Amino acid sequence: MKKPLVGALFAVLLLGAGIAPATAATSHGAAPAGHTAVKAEKEIRAKAVNFAGTVALSNCSGSVVRTPSSQPGDPALVLSNGHCLETGFPAPGAVVFNRSSTRSFTLLNASGSGVGTVRASKIAYGTMTDTDISVYQLTSTYAQIESRYGIKALELSTTHPVAGTAITVASGYWKRLYSCNVDGFVYRLKEGNWTWKDSVRYTSACQTIGGTSGSPVIDNATGKVVAVNNTGNEDGQRCTDNNPCEVDESGQVTVRQGINYAQETYGIAACIGTGNVFDLNRTGCTLPKP
């Protein structure tokens with residue numbers, strides 16, 4: 001996992017408290033004339049992704065999210081990682097469900113400025129089994145958040161992400177954007193005692209750090225959340241904490257030092273019913289049960 005604070009505090013020493021949003025690497029030579037229109041289109045699309053709707057936790061990142069069927073009067077939801085829960089890392093096989101919480105989150109606007117604080121009423125769902133997610137239910141509705149702060153929730157995609165898609169990892173903790181592409185998918189991603197299924201692997205441009213855990217992974221074209229950032233192989237070790245390894249269907253293990261990963265979120269909406277209430281028995285819901 002991207003440790004919530006250790007890597008983050010080290011980065012503060014290196015970079016200082018004010019960190020500008022990351023930008024894509026640029027070449028030192030002039031771009032061919034034929035590439036100008038394509039470059040301009042990519043830059044316009046990139047500008048559409050910002051920090052609006054993201055949140056900063058005490059130790060991680062997150063975002064206010066909604067399903068396609070969520071209503072303005074529903075209690076809003078915040079998405080982050082299971083390993084960012086204030087209750088600690090859930091053990092393999094464990095699920096946190098409908099547990100009371102008063103955790104607070106700093107809500108950010110498009111430029112990354114904090115505009116207010118929203119508070120949880122409960123941990124609606126959290127696990128590190130098969131995936132690495134936490135979903136908090138807030139005391140505020142979507143309509144109240146939009147009225148008070150002018151911020152709309154990010155919508156959860158309900159379709160599997162696609163390899164090659166241009167994405168942005170938006171960290172509310174660091175107020176930093178990471179732009180890259182979906183490189184592919186991992187049958188099983190193993191890290192220490194945990195195993196995650198069908199994980200998203202980024203191309204190397206997304207060099208996420210501690211504190212980016214829980215950041216929404218946003219499809220640049222649709223603006224929808226397709227995954228939640230959670231880990232990366234830091235030291236080239238094999239399947240250890242902070243050094244996840246890839247395992248394919250035949251059991252072959254691959255280690256990719258410096259490569260980072262996310263957990264897909266398209267299956268979450270199927271588990272949420274009327275009033276934004278989690279119902280793990282709903283048709284199509286495949287999240288692990290308590």
# chains A, B, ... in the order shown; residues from 1 in each chain; ligands from 1
>>> residues_around(residues="A:Val169", least_positions_apart="6", cutoff="10 Å", atoms="only C-alpha atoms", output="number ranges by chain")
A: 49-51, 176-180, 206-208, 212-220, 225, 227-229, 262
>>> residues_around(residues="A:Thr231", least_positions_apart="6", cutoff="7 Å", atoms="only C-alpha atoms", output="MDAnalysis selection string")
chainID A and resid 1:2 242 260:262
>>> closest_residue(among="A:Asp279, A:Glu191, A:Asp74, A:Asp183", to="A:Met128", atoms="only C-alpha atoms")
A:Glu191
>>> residues_around(residues="A:Leu108", least_positions_apart="6", cutoff="9 Å", atoms="only C-alpha atoms", output="VMD selection string")
chain A and resid 51 to 56 114 to 116 151 172 175
>>> write_last_selection(atoms="C-alpha atoms", output="PDB file, in the first residue's frame")
ATOM      1  CA  PHE A  51      -9.705  18.701  -7.873  1.00  0.00           C
ATOM      2  CA  ALA A  52     -13.419  19.529  -7.606  1.00  0.00           C
ATOM      3  CA  GLY A  53     -15.083  16.879  -5.470  1.00  0.00           C
ATOM      4  CA  THR A  54     -11.864  15.425  -4.104  1.00  0.00           C
ATOM      5  CA  VAL A  55     -11.196  15.398  -0.374  1.00  0.00           C
ATOM      6  CA  ALA A  56      -8.217  15.297   1.945  1.00  0.00           C
ATOM      7  CA  GLY A 114     -10.240  23.680   0.769  1.00  0.00           C
ATOM      8  CA  VAL A 115     -13.757  25.103   0.801  1.00  0.00           C
ATOM      9  CA  GLY A 116     -15.185  23.386   3.846  1.00  0.00           C
ATOM     10  CA  ILE A 151     -19.213  21.258  -5.517  1.00  0.00           C
ATOM     11  CA  GLY A 172      -6.684  15.682  -2.407  1.00  0.00           C
ATOM     12  CA  LYS A 175      -3.375  18.697  -4.168  1.00  0.00           C
TER      13      LYS A 175
END
>>> closest_residue(among="A:Val200, A:Ile268, A:Val162, A:Val186", to="A:Gln252", atoms="only C-alpha atoms")
A:Val186
>>> atom_distance(atom1="atom CA of A:Lys152", atom2="atom CA of A:Phe278")
21.0 Å
>>> select_by_dssp(residues="stretch 104-249 of chain A", states="alpha helix (DSSP H)", output="list in words")
Tyr142, Ala143, Gln144, Ile145, Glu146, Ser147, Arg148 and Tyr149 of chain A
>>> closest_residue(among="A:Thr159, A:Asn243, A:Asn230, A:Thr265", to="A:Gly192", atoms="only C-alpha atoms")
A:Asn243
>>> atom_distance(atom1="atom CA of A:Gly258", atom2="atom CA of A:Gly82")
22.1 Å
>>> closest_residue(among="A:Ala110, A:Val247, A:Ala205, A:Leu287", to="A:Ile259", atoms="only C-alpha atoms")
A:Ala205
>>> closest_residue(among="A:Asn281, A:Thr67, A:Thr195, A:Gln144", to="A:Thr131", atoms="only C-alpha atoms")
A:Thr195
>>> select_by_dssp(residues="stretch 20-265 of chain A", states="strand (DSSP E or B)", output="ChimeraX atom specification")
/A:54-56,61-66,75-80,95-100,104-108,114-127,130,133-141,154-156,166-171,176-191,194-202,216-219,225-232,240,243,245-247,253-254,260-264
>>> residues_around(residues="A:Asp198", least_positions_apart="5", cutoff="7 Å", atoms="only C-alpha atoms", output="VMD selection string")
chain A and resid 185 to 188
>>> write_last_selection(atoms="N, CA and C atoms", output="mmCIF file, in the first residue's frame")
data_model
loop_
_atom_site.group_PDB
_atom_site.id
_atom_site.type_symbol
_atom_site.label_atom_id
_atom_site.label_comp_id
_atom_site.auth_asym_id
_atom_site.auth_seq_id
_atom_site.Cartn_x
_atom_site.Cartn_y
_atom_site.Cartn_z
ATOM 1 N N PHE A 185 -4.231 -4.763 -16.984
ATOM 2 C CA PHE A 185 -4.926 -5.285 -15.815
ATOM 3 C C PHE A 185 -4.189 -6.502 -15.268
ATOM 4 N N VAL A 186 -4.255 -6.656 -13.957
ATOM 5 C CA VAL A 186 -3.506 -7.702 -13.261
ATOM 6 C C VAL A 186 -4.489 -8.724 -12.704
ATOM 7 N N TYR A 187 -4.320 -9.975 -13.095
ATOM 8 C CA TYR A 187 -5.228 -11.038 -12.646
ATOM 9 C C TYR A 187 -5.298 -11.078 -11.127
ATOM 10 N N ARG A 188 -4.132 -11.152 -10.483
ATOM 11 C CA ARG A 188 -4.060 -11.079 -9.028
ATOM 12 C C ARG A 188 -2.861 -10.206 -8.644
#
>>> closest_residue(among="A:Cys239, A:Ile123, A:Ala143, A:Val118", to="A:Thr87", atoms="only C-alpha atoms")
A:Ile123
>>> atom_distance(atom1="atom CA of A:Ala76", atom2="atom CA of A:Val277")
10.4 Å
